[in-house]
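Next comes work-v4.cif, with mmCIF, C-alpha atoms.
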```
data_work
loop_
_atom_site.group_PDB
_atom_site.id
_atom_site.type_symbol
_atom_site.label_atom_id
_atom_site.label_comp_id
_atom_site.auth_asym_id
_atom_site.auth_seq_id
_atom_site.Cartn_x
_atom_site.Cartn_y
_atom_site.Cartn_z
ATOM 1 C CA MET A 1 -23.424 11.784 6.224
ATOM 2 C CA SER A 2 -20.036 10.131 5.868
ATOM 3 C CA ASN A 3 -19.272 7.007 7.898
ATOM 4 C CA LEU A 4 -15.501 7.398 7.461
ATOM 5 C CA LYS A 5 -13.765 6.719 10.780
ATOM 6 C CA LEU A 6 -10.629 8.657 11.697
ATOM 7 C CA ASP A 7 -7.265 6.862 11.623
ATOM 8 C CA SER A 8 -8.634 3.863 9.738
ATOM 9 C CA VAL A 9 -6.741 1.425 7.578
ATOM 10 C CA ILE A 10 -8.379 1.870 4.153
ATOM 11 C CA ALA A 11 -8.581 -1.278 2.004
ATOM 12 C CA CYS A 12 -8.978 -0.296 -1.668
ATOM 13 C CA LEU A 13 -10.901 -3.105 -3.368
ATOM 14 C CA ASP A 14 -10.610 -1.789 -6.945
ATOM 15 C CA CYS A 15 -8.127 -4.488 -7.933
ATOM 16 C CA PRO A 16 -9.812 -7.797 -8.915
ATOM 17 C CA ASP A 17 -6.566 -9.808 -8.921
ATOM 18 C CA HIS A 18 -5.577 -8.583 -5.459
ATOM 19 C CA VAL A 19 -8.781 -8.242 -3.388
ATOM 20 C CA GLN A 20 -7.910 -11.100 -1.030
ATOM 21 C CA ALA A 21 -4.315 -9.875 -0.663
ATOM 22 C CA VAL A 22 -5.528 -6.323 0.072
ATOM 23 C CA LEU A 23 -7.889 -7.629 2.755
ATOM 24 C CA GLU A 24 -5.207 -9.779 4.364
ATOM 25 C CA ALA A 25 -2.694 -6.914 4.317
ATOM 26 C CA SER A 26 -5.319 -4.591 5.782
ATOM 27 C CA MET A 27 -6.149 -7.026 8.599
ATOM 28 C CA TRP A 28 -2.416 -7.402 9.336
ATOM 29 C CA ALA A 29 -1.979 -3.617 9.497
ATOM 30 C CA SER A 30 -5.220 -3.105 11.422
ATOM 31 C CA THR A 31 -4.164 -5.549 14.132
ATOM 32 C CA ARG A 32 -0.794 -3.878 14.599
ATOM 33 C CA LEU A 33 -2.169 -0.348 14.539
ATOM 34 C CA GLN A 34 -5.310 -1.279 16.515
ATOM 35 C CA ALA A 35 -7.296 0.596 13.885
ATOM 36 C CA PRO A 36 -10.636 -0.035 12.139
ATOM 37 C CA ILE A 37 -10.690 -1.126 8.496
ATOM 38 C CA GLY A 38 -12.614 0.898 5.942
ATOM 39 C CA LEU A 39 -13.511 -1.276 2.938
ATOM 40 C CA LEU A 40 -13.425 1.171 0.024
ATOM 41 C CA HIS A 41 -14.980 0.498 -3.359
ATOM 42 C CA SER A 42 -15.277 3.140 -6.080
ATOM 43 C CA VAL A 43 -17.926 2.692 -8.754
ATOM 44 C CA PRO A 44 -15.991 2.435 -12.051
ATOM 45 C CA SER A 45 -16.701 4.752 -14.944
ATOM 46 C CA LEU A 46 -19.795 4.017 -17.032
ATOM 47 C CA GLN A 47 -17.674 4.756 -20.101
ATOM 48 C CA GLN A 48 -15.447 1.730 -19.583
ATOM 49 C CA LYS A 49 -15.596 -0.748 -22.431
ATOM 50 C CA ALA A 50 -15.884 -3.955 -20.403
ATOM 51 C CA ALA A 51 -17.210 -4.967 -17.034
ATOM 52 C CA VAL A 52 -14.684 -5.515 -14.277
ATOM 53 C CA ASN A 53 -14.731 -9.168 -13.291
ATOM 54 C CA TYR A 54 -14.571 -9.731 -9.542
ATOM 55 C CA SER A 55 -15.702 -13.353 -9.660
ATOM 56 C CA GLY A 56 -13.325 -15.701 -7.886
ATOM 57 C CA CYS A 57 -11.417 -12.853 -6.238
ATOM 58 C CA LEU A 58 -12.217 -14.176 -2.755
ATOM 59 C CA ASN A 59 -12.628 -17.622 -1.267
ATOM 60 C CA VAL A 60 -15.687 -17.128 0.879
ATOM 61 C CA ASP A 61 -17.996 -19.824 2.249
ATOM 62 C CA ASP A 62 -21.177 -18.072 1.166
ATOM 63 C CA GLU A 63 -24.250 -19.988 0.031
ATOM 64 C CA ASN A 64 -24.997 -17.301 -2.543
ATOM 65 C CA THR A 65 -22.828 -17.025 -5.635
ATOM 66 C CA LEU A 66 -22.071 -13.367 -5.042
ATOM 67 C CA LEU A 67 -21.190 -11.102 -7.952
ATOM 68 C CA GLU A 68 -21.649 -13.838 -10.582
ATOM 69 C CA GLN A 69 -24.688 -12.292 -12.228
ATOM 70 C CA PHE A 70 -22.894 -8.995 -12.812
ATOM 71 C CA THR A 71 -19.556 -10.110 -14.214
ATOM 72 C CA THR A 72 -20.607 -11.464 -17.607
ATOM 73 C CA LYS A 73 -22.105 -8.295 -19.083
ATOM 74 C CA GLU A 74 -19.915 -6.169 -21.275
ATOM 75 C CA ASN A 75 -21.644 -2.908 -20.403
ATOM 76 C CA LEU A 76 -23.016 -2.347 -16.938
ATOM 77 C CA GLY A 77 -25.671 0.261 -16.248
ATOM 78 C CA ASN A 78 -25.517 2.584 -13.280
ATOM 79 C CA TYR A 79 -27.835 0.402 -11.162
ATOM 80 C CA GLU A 80 -25.862 -2.755 -11.911
ATOM 81 C CA LEU A 81 -22.564 -1.034 -11.107
ATOM 82 C CA LYS A 82 -23.908 0.017 -7.706
ATOM 83 C CA SER A 83 -25.261 -3.471 -7.085
ATOM 84 C CA GLN A 84 -21.941 -5.055 -8.036
ATOM 85 C CA GLY A 85 -20.158 -2.755 -5.598
ATOM 86 C CA LYS A 86 -22.547 -3.606 -2.760
ATOM 87 C CA LEU A 87 -22.047 -7.322 -3.373
ATOM 88 C CA LEU A 88 -18.278 -6.928 -3.432
ATOM 89 C CA LEU A 89 -18.349 -5.021 -0.124
ATOM 90 C CA HIS A 90 -20.632 -7.667 1.388
ATOM 91 C CA GLN A 91 -18.277 -10.426 0.266
ATOM 92 C CA ALA A 92 -15.243 -8.558 1.631
ATOM 93 C CA THR A 93 -16.964 -8.030 4.991
ATOM 94 C CA THR A 94 -17.849 -11.734 5.124
ATOM 95 C CA TYR A 95 -14.238 -12.667 4.396
ATOM 96 C CA CYS A 96 -12.929 -10.505 7.268
ATOM 97 C CA ASP A 97 -15.500 -12.055 9.617
ATOM 98 C CA GLN A 98 -14.457 -15.550 8.583
ATOM 99 C CA GLN A 99 -10.829 -14.705 9.343
ATOM 100 C CA HIS A 100 -11.967 -13.780 12.872
ATOM 101 C CA HIS A 101 -10.708 -10.236 12.566
ATOM 102 C CA LYS A 102 -11.609 -8.659 15.908
ATOM 103 C CA LEU A 103 -11.451 -4.949 15.066
ATOM 104 C CA THR A 104 -14.196 -2.883 13.459
ATOM 105 C CA THR A 105 -14.764 -3.338 9.719
ATOM 106 C CA TYR A 106 -17.046 -0.943 7.839
ATOM 107 C CA THR A 107 -17.795 -0.117 4.206
ATOM 108 C CA LEU A 108 -17.239 2.966 2.049
ATOM 109 C CA HIS A 109 -19.120 2.772 -1.267
ATOM 110 C CA ARG A 110 -18.043 5.836 -3.263
ATOM 111 C CA HIS A 111 -19.807 6.866 -6.473
ATOM 112 C CA GLU A 112 -16.718 8.431 -8.026
ATOM 113 C CA ASN A 113 -13.393 7.391 -9.502
ATOM 114 C CA LEU A 114 -10.589 5.954 -7.372
ATOM 115 C CA ASN A 115 -8.548 9.177 -7.508
ATOM 116 C CA GLU A 116 -11.394 11.107 -5.906
ATOM 117 C CA SER A 117 -12.062 8.342 -3.388
ATOM 118 C CA ILE A 118 -8.442 8.304 -2.230
ATOM 119 C CA ASP A 119 -8.537 12.084 -1.980
ATOM 120 C CA TYR A 120 -11.652 11.712 0.207
ATOM 121 C CA VAL A 121 -9.934 9.414 2.747
ATOM 122 C CA ASP A 122 -6.404 10.790 2.352
ATOM 123 C CA ASP A 123 -6.225 13.260 5.242
ATOM 124 C CA LYS A 124 -8.182 11.126 7.715
ATOM 125 C CA ALA A 125 -6.764 7.629 7.180
ATOM 126 C CA GLN A 126 -3.783 6.145 9.001
ATOM 127 C CA LEU A 127 -2.786 3.868 6.111
ATOM 128 C CA ILE A 128 -4.104 3.066 2.630
ATOM 129 C CA VAL A 129 -3.712 -0.480 1.297
ATOM 130 C CA ILE A 130 -3.984 -1.040 -2.445
ATOM 131 C CA GLY A 131 -3.323 -3.885 -4.870
ATOM 132 C CA HIS A 132 -0.551 -3.685 -7.430
ATOM 133 C CA ASN A 133 -3.081 -3.810 -10.284
ATOM 134 C CA VAL A 134 -5.897 -1.250 -10.082
ATOM 135 C CA THR A 135 -8.916 -0.913 -12.360
ATOM 136 C CA CYS A 136 -8.897 2.848 -12.916
ATOM 137 C CA LYS A 137 -7.228 4.525 -15.886
ATOM 138 C CA ALA A 138 -4.782 6.420 -13.660
ATOM 139 C CA THR A 139 -1.594 4.500 -13.034
ATOM 140 C CA LEU A 140 -0.633 3.303 -9.581
ATOM 141 C CA SER A 141 2.240 5.789 -9.465
ATOM 142 C CA GLN A 142 -0.118 8.680 -10.237
ATOM 143 C CA LEU A 143 -2.383 7.675 -7.356
ATOM 144 C CA ILE A 144 0.569 7.449 -4.980
ATOM 145 C CA ARG A 145 2.124 10.724 -6.113
ATOM 146 C CA VAL A 146 -0.859 12.847 -5.009
ATOM 147 C CA SER A 147 -1.502 11.060 -1.696
ATOM 148 C CA HIS A 148 -0.680 12.569 1.693
ATOM 149 C CA CYS A 149 -1.148 9.262 3.519
ATOM 150 C CA PRO A 150 1.280 6.305 3.686
ATOM 151 C CA ILE A 151 0.306 3.675 1.109
ATOM 152 C CA LEU A 152 0.982 -0.049 1.316
ATOM 153 C CA VAL A 153 1.026 -1.703 -2.119
ATOM 154 C CA THR A 154 0.648 -5.475 -2.127
ATOM 155 C CA HIS A 155 0.968 -8.279 -4.636
ATOM 156 C CA ALA A 156 -0.931 -11.546 -4.270
ATOM 157 C CA PRO A 157 -0.643 -13.500 -2.108
ATOM 158 C CA PHE A 158 0.103 -11.259 0.881
ATOM 159 C CA LEU A 159 2.657 -12.765 3.252
ATOM 160 C CA PRO A 160 2.936 -11.081 6.678
ATOM 161 C CA PRO A 161 6.495 -9.738 6.910
ATOM 162 C CA THR A 162 8.863 -10.465 9.791
ATOM 163 C CA ASN A 163 11.470 -7.957 8.631
ATOM 164 C CA ALA A 164 11.602 -4.802 6.519
ATOM 165 C CA LEU A 165 14.029 -2.885 4.315
ATOM 166 C CA PHE A 166 14.025 0.875 4.919
ATOM 167 C CA ALA A 167 15.705 2.487 1.900
ATOM 168 C CA PHE A 168 17.358 5.585 3.378
ATOM 169 C CA ASP A 169 18.666 8.348 1.088
ATOM 170 C CA ASN A 170 18.973 11.246 3.582
ATOM 171 C CA SER A 171 16.253 13.218 1.765
ATOM 172 C CA PRO A 172 13.608 15.310 3.595
ATOM 173 C CA THR A 173 10.926 12.746 2.666
ATOM 174 C CA CYS A 174 13.074 9.931 4.027
ATOM 175 C CA HIS A 175 13.555 11.780 7.321
ATOM 176 C CA LYS A 176 9.772 12.182 7.569
ATOM 177 C CA LEU A 177 9.464 8.436 7.015
ATOM 178 C CA LEU A 178 12.105 7.850 9.707
ATOM 179 C CA ASN A 179 10.135 9.982 12.184
ATOM 180 C CA TRP A 180 6.965 8.041 11.336
ATOM 181 C CA LEU A 181 8.670 4.657 11.717
ATOM 182 C CA CYS A 182 9.948 5.624 15.166
ATOM 183 C CA LYS A 183 6.364 6.301 16.302
ATOM 184 C CA THR A 184 4.149 3.810 14.442
ATOM 185 C CA ALA A 185 3.224 0.421 15.853
ATOM 186 C CA LEU A 186 3.087 -1.036 12.325
ATOM 187 C CA ILE A 187 6.721 -2.180 12.215
ATOM 188 C CA ARG A 188 7.370 -2.384 15.963
ATOM 189 C CA ALA A 189 7.748 -6.178 15.957
ATOM 190 C CA LEU A 190 9.877 -6.306 12.777
ATOM 191 C CA THR A 191 13.623 -6.235 12.268
ATOM 192 C CA VAL A 192 14.320 -3.157 10.138
ATOM 193 C CA HIS A 193 17.295 -3.148 7.777
ATOM 194 C CA ILE A 194 18.144 0.489 7.102
ATOM 195 C CA VAL A 195 19.994 0.496 3.777
ATOM 196 C CA MET A 196 21.642 3.413 1.988
ATOM 197 C CA VAL A 197 22.800 3.212 -1.623
ATOM 198 C CA GLY A 198 25.632 5.647 -2.313
ATOM 199 C CA LYS A 199 29.317 6.439 -1.975
ATOM 200 C CA GLU A 200 31.053 5.302 1.191
ATOM 201 C CA ASN A 201 32.013 8.789 2.329
ATOM 202 C CA SER A 202 31.832 10.531 5.706
ATOM 203 C CA GLU A 203 28.595 12.359 4.900
ATOM 204 C CA ASN A 204 26.698 9.184 3.989
ATOM 205 C CA CYS A 205 28.217 7.164 6.831
ATOM 206 C CA ASP A 206 27.288 9.818 9.398
ATOM 207 C CA ALA A 207 23.733 10.184 8.056
ATOM 208 C CA LEU A 208 23.188 6.418 8.047
ATOM 209 C CA ARG A 209 24.634 5.998 11.540
ATOM 210 C CA GLU A 210 22.389 8.752 12.942
ATOM 211 C CA ALA A 211 19.264 7.283 11.308
ATOM 212 C CA TYR A 212 20.168 3.818 12.614
ATOM 213 C CA ALA A 213 20.635 5.258 16.111
ATOM 214 C CA ARG A 214 17.179 6.879 15.922
ATOM 215 C CA LEU A 215 15.570 3.501 15.192
ATOM 216 C CA LYS A 216 17.459 1.822 18.032
ATOM 217 C CA GLN A 217 16.516 4.588 20.469
ATOM 218 C CA ALA A 218 12.876 4.076 19.495
ATOM 219 C CA GLY A 219 13.167 0.440 20.573
ATOM 220 C CA ILE A 220 13.213 -0.999 17.052
ATOM 221 C CA LYS A 221 15.467 -3.942 16.273
ATOM 222 C CA ALA A 222 17.614 -2.674 13.389
ATOM 223 C CA LYS A 223 20.553 -3.457 11.126
ATOM 224 C CA LYS A 224 22.350 -1.053 8.771
ATOM 225 C CA ALA A 225 24.170 -1.318 5.447
ATOM 226 C CA LEU A 226 25.764 1.108 2.985
ATOM 227 C CA LEU A 227 25.834 -0.178 -0.603
ATOM 228 C CA ASP A 228 28.250 1.515 -3.006
ATOM 229 C CA CYS A 229 26.316 1.084 -6.248
ATOM 230 C CA ARG A 230 25.093 3.383 -9.018
ATOM 231 C CA ASP A 231 21.850 1.500 -9.678
ATOM 232 C CA VAL A 232 19.614 2.116 -6.651
ATOM 233 C CA THR A 233 16.839 -0.248 -7.734
ATOM 234 C CA ALA A 234 19.195 -3.132 -8.519
ATOM 235 C CA ALA A 235 21.073 -2.691 -5.224
ATOM 236 C CA LEU A 236 17.908 -2.635 -3.114
ATOM 237 C CA ASN A 237 16.378 -5.604 -4.944
ATOM 238 C CA TYR A 238 19.586 -7.598 -4.519
ATOM 239 C CA TYR A 239 19.854 -6.807 -0.801
ATOM 240 C CA GLN A 240 16.187 -7.605 -0.228
ATOM 241 C CA ASN A 241 16.418 -10.945 -2.016
ATOM 242 C CA GLU A 242 19.704 -11.943 -0.359
ATOM 243 C CA ASN A 243 18.319 -11.219 3.113
ATOM 244 C CA ASN A 244 14.827 -12.608 2.446
ATOM 245 C CA ILE A 245 13.145 -9.354 3.484
ATOM 246 C CA GLY A 246 9.340 -9.307 3.300
ATOM 247 C CA LEU A 247 8.572 -5.571 3.269
ATOM 248 C CA LEU A 248 10.131 -2.670 1.346
ATOM 249 C CA MET A 249 9.776 0.900 2.686
ATOM 250 C CA THR A 250 10.786 4.111 0.892
ATOM 251 C CA GLY A 251 9.814 7.720 0.510
ATOM 252 C CA ALA A 252 7.541 8.237 -2.511
ATOM 253 C CA PHE A 253 8.775 10.217 -5.500
ATOM 254 C CA GLY A 254 11.366 12.273 -3.645
ATOM 255 C CA GLN A 255 13.200 13.256 -6.830
ATOM 256 C CA SER A 256 12.504 16.395 -8.804
ATOM 257 C CA ARG A 257 10.453 16.011 -11.988
ATOM 258 C CA ILE A 258 13.496 17.111 -14.065
ATOM 259 C CA ARG A 259 15.680 14.404 -12.545
ATOM 260 C CA GLU A 260 12.912 11.845 -13.069
ATOM 261 C CA LEU A 261 12.692 12.877 -16.715
ATOM 262 C CA LEU A 262 16.442 12.537 -17.229
ATOM 263 C CA GLN A 263 17.195 9.501 -15.060
ATOM 264 C CA GLY A 264 13.845 7.865 -14.366
ATOM 265 C CA SER A 265 12.103 7.519 -11.009
ATOM 266 C CA ASP A 266 13.494 5.092 -8.429
ATOM 267 C CA THR A 267 9.983 4.784 -6.938
ATOM 268 C CA LYS A 268 8.483 3.835 -10.298
ATOM 269 C CA LYS A 269 11.270 1.310 -10.949
ATOM 270 C CA LEU A 270 10.804 -0.275 -7.527
ATOM 271 C CA LEU A 271 7.030 -0.452 -8.037
ATOM 272 C CA GLY A 272 7.704 -2.393 -11.210
ATOM 273 C CA SER A 273 10.358 -4.714 -9.803
ATOM 274 C CA THR A 274 9.522 -5.601 -6.196
ATOM 275 C CA LYS A 275 7.302 -8.616 -5.516
ATOM 276 C CA THR A 276 6.825 -8.020 -1.786
ATOM 277 C CA PRO A 277 4.549 -5.538 -0.002
ATOM 278 C CA TYR A 278 5.868 -2.021 -0.572
ATOM 279 C CA LEU A 279 5.203 0.838 1.869
ATOM 280 C CA LEU A 280 5.523 4.299 0.334
ATOM 281 C CA PHE A 281 5.623 7.449 2.431
ATOM 282 C CA PRO A 282 4.291 10.618 0.761
ATOM 283 C CA LYS A 283 6.494 13.519 -0.214
ATOM 284 C CA GLY A 284 3.844 16.121 0.681
#
```

Any chance you could put this one into structure tokens?
Amino acid sequence: MSNLKLDSVIACLDCPDHVQAVLEASMWASTRLQAPIGLLHSVPSLQQKAAVNYSGCLNVDDENTLLEQFTTKENLGNYELKSQGKLLLHQATTYCDQQHHKLTTYTLHRHENLNESIDYVDDKAQLIVIGHNVTCKATLSQLIRVSHCPILVTHAPFLPPTNALFAFDNSPTCHKLLNWLCKTALIRALTVHIVMVGKENSENCDALREAYARLKQAGIKAKKALLDCRDVTAALNYYQNENNIGLLMTGAFGQSRIRELLQGSDTKKLLGSTKTPYLLFPKG
């Protein structure tokens, strides 16, 4: 029987370089959403060429040297892979306890690839937190593209944001994100900069003003800006850096596949360029 709890924050631990950052981001989100944390680990494929090394991924005061015995072998058997996963989940649980996280933390040890694991939690979770580097063969953008749940991607170290950049493009996905932001407690204490990149015409100005008004009516402290620039990624990165903004928020892959093929995906470019936590809202 599954122990998945509804409306959890799911911490994906399949990212050795970012395990601590994922846990810290998950605890930050869990506290604001008043939601339990599901610690998710997917057993990697037995066909992989080298063992995934999780040693040193967490600073935990544990008398046992957890995981050490499993990280030096080049080919792990099925039993060892399961044991490695259990040790990782134990270490992650210990870390949350040591940080005095007060909300429920539980484990999800899935014997399948990360794609299938995310699909398993997708419709029941409130938020999925994942590290920028993942161990599965699928790329991060492929995982995000098929999700129906908001995903927070973090680099290491995770720094709790005090403000956020909401990249608004007047698309249907962006309006769904706007509706979600007006209701969620996740960004309630943050100052939200709603930024539109496009021509300074009446259509864009009206759309931006209406979206800004929605945030203000929801009780969110907000600022707005319209940037007349052809390069969306460069404009957003520049604005974020200039204003020292700690969280980026956009719709995920709102462009058509044809436009992505011809012009490239703004989501993919931002995933590659931003160094702060990045919240992506699903298109589906």

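For the choices A:Thr191, A:His132, A:Lys199, A:Lys269, the atom-to-atom distance to A:Pro157 is smallest for A:His132 when using only C-alpha atoms.
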
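Distance check against A:Val134 using only C-alpha atoms: of A:Ala156, A:Leu236, A:Ala222, A:Leu114, the minimum falls on A:Leu114.
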
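The two atoms in question, atom CA of A:Leu87 and atom CA of A:Arg32, are spaced 28.0 Å apart.
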
| query | So which residues touch stretch 115-118 of chain A within 12 Å, counting all atoms listed in the file, skipping near sequence neighbours fewer than 5 positions away, as a PyMOL selection string? | reply | chain A and resi 4+10-14+38-45+108-110+123-125+127-130+134-151

Counting only C-alpha atoms, which residues come within 10 Å of (7.9, -7.9, 0.0), with the point read in the file's coordinates, and could you list them as a PyMOL selection string? chain A and resi 153-155+158-161+163-165+240-241+244-249+274-279

Please complete stretch 225-239 of chain A with N, CA, C and O atoms and give it back as a PDB file, in the coordinates of the input.
```pdb
ATOM      1  N   ALA A 225      23.252  -0.961   6.536  1.00  0.00           N
ATOM      2  CA  ALA A 225      24.170  -1.318   5.447  1.00  0.00           C
ATOM      3  C   ALA A 225      24.283  -0.143   4.489  1.00  0.00           C
ATOM      4  O   ALA A 225      23.298   0.552   4.213  1.00  0.00           O
ATOM      5  N   LEU A 226      25.499   0.094   4.005  1.00  0.00           N
ATOM      6  CA  LEU A 226      25.764   1.108   2.985  1.00  0.00           C
ATOM      7  C   LEU A 226      26.262   0.385   1.743  1.00  0.00           C
ATOM      8  O   LEU A 226      27.276  -0.315   1.778  1.00  0.00           O
ATOM      9  N   LEU A 227      25.511   0.526   0.632  1.00  0.00           N
ATOM     10  CA  LEU A 227      25.834  -0.178  -0.603  1.00  0.00           C
ATOM     11  C   LEU A 227      26.380   0.812  -1.620  1.00  0.00           C
ATOM     12  O   LEU A 227      25.681   1.744  -2.038  1.00  0.00           O
ATOM     13  N   ASP A 228      27.614   0.628  -2.013  1.00  0.00           N
ATOM     14  CA  ASP A 228      28.250   1.515  -3.006  1.00  0.00           C
ATOM     15  C   ASP A 228      27.897   0.998  -4.403  1.00  0.00           C
ATOM     16  O   ASP A 228      28.552   0.112  -4.953  1.00  0.00           O
ATOM     17  N   CYS A 229      26.819   1.546  -4.954  1.00  0.00           N
ATOM     18  CA  CYS A 229      26.316   1.084  -6.248  1.00  0.00           C
ATOM     19  C   CYS A 229      25.624   2.234  -6.951  1.00  0.00           C
ATOM     20  O   CYS A 229      24.974   3.068  -6.315  1.00  0.00           O
ATOM     21  N   ARG A 230      25.720   2.299  -8.268  1.00  0.00           N
ATOM     22  CA  ARG A 230      25.093   3.383  -9.018  1.00  0.00           C
ATOM     23  C   ARG A 230      23.620   3.122  -9.284  1.00  0.00           C
ATOM     24  O   ARG A 230      22.833   4.052  -9.411  1.00  0.00           O
ATOM     25  N   ASP A 231      23.234   1.856  -9.375  1.00  0.00           N
ATOM     26  CA  ASP A 231      21.850   1.500  -9.678  1.00  0.00           C
ATOM     27  C   ASP A 231      21.104   1.233  -8.368  1.00  0.00           C
ATOM     28  O   ASP A 231      21.234   0.163  -7.770  1.00  0.00           O
ATOM     29  N   VAL A 232      20.312   2.208  -7.936  1.00  0.00           N
ATOM     30  CA  VAL A 232      19.614   2.116  -6.651  1.00  0.00           C
ATOM     31  C   VAL A 232      18.643   0.937  -6.637  1.00  0.00           C
ATOM     32  O   VAL A 232      18.619   0.147  -5.691  1.00  0.00           O
ATOM     33  N   THR A 233      17.844   0.817  -7.680  1.00  0.00           N
ATOM     34  CA  THR A 233      16.839  -0.248  -7.734  1.00  0.00           C
ATOM     35  C   THR A 233      17.486  -1.627  -7.687  1.00  0.00           C
ATOM     36  O   THR A 233      17.045  -2.500  -6.933  1.00  0.00           O
ATOM     37  N   ALA A 234      18.518  -1.836  -8.483  1.00  0.00           N
ATOM     38  CA  ALA A 234      19.195  -3.132  -8.519  1.00  0.00           C
ATOM     39  C   ALA A 234      19.817  -3.464  -7.166  1.00  0.00           C
ATOM     40  O   ALA A 234      19.737  -4.610  -6.704  1.00  0.00           O
ATOM     41  N   ALA A 235      20.422  -2.464  -6.518  1.00  0.00           N
ATOM     42  CA  ALA A 235      21.073  -2.691  -5.224  1.00  0.00           C
ATOM     43  C   ALA A 235      20.051  -3.068  -4.153  1.00  0.00           C
ATOM     44  O   ALA A 235      20.263  -4.006  -3.376  1.00  0.00           O
ATOM     45  N   LEU A 236      18.935  -2.345  -4.122  1.00  0.00           N
ATOM     46  CA  LEU A 236      17.908  -2.635  -3.114  1.00  0.00           C
ATOM     47  C   LEU A 236      17.255  -3.995  -3.363  1.00  0.00           C
ATOM     48  O   LEU A 236      17.010  -4.754  -2.415  1.00  0.00           O
ATOM     49  N   ASN A 237      16.968  -4.301  -4.623  1.00  0.00           N
ATOM     50  CA  ASN A 237      16.378  -5.604  -4.944  1.00  0.00           C
ATOM     51  C   ASN A 237      17.319  -6.744  -4.561  1.00  0.00           C
ATOM     52  O   ASN A 237      16.882  -7.772  -4.020  1.00  0.00           O
ATOM     53  N   TYR A 238      18.602  -6.568  -4.846  1.00  0.00           N
ATOM     54  CA  TYR A 238      19.586  -7.598  -4.519  1.00  0.00           C
ATOM     55  C   TYR A 238      19.671  -7.805  -3.004  1.00  0.00           C
ATOM     56  O   TYR A 238      19.624  -8.943  -2.513  1.00  0.00           O
ATOM     57  N   TYR A 239      19.753  -6.705  -2.264  1.00  0.00           N
ATOM     58  CA  TYR A 239      19.854  -6.807  -0.801  1.00  0.00           C
ATOM     59  C   TYR A 239      18.596  -7.443  -0.221  1.00  0.00           C
ATOM     60  O   TYR A 239      18.677  -8.305   0.669  1.00  0.00           O
TER      61      TYR A 239
END
```
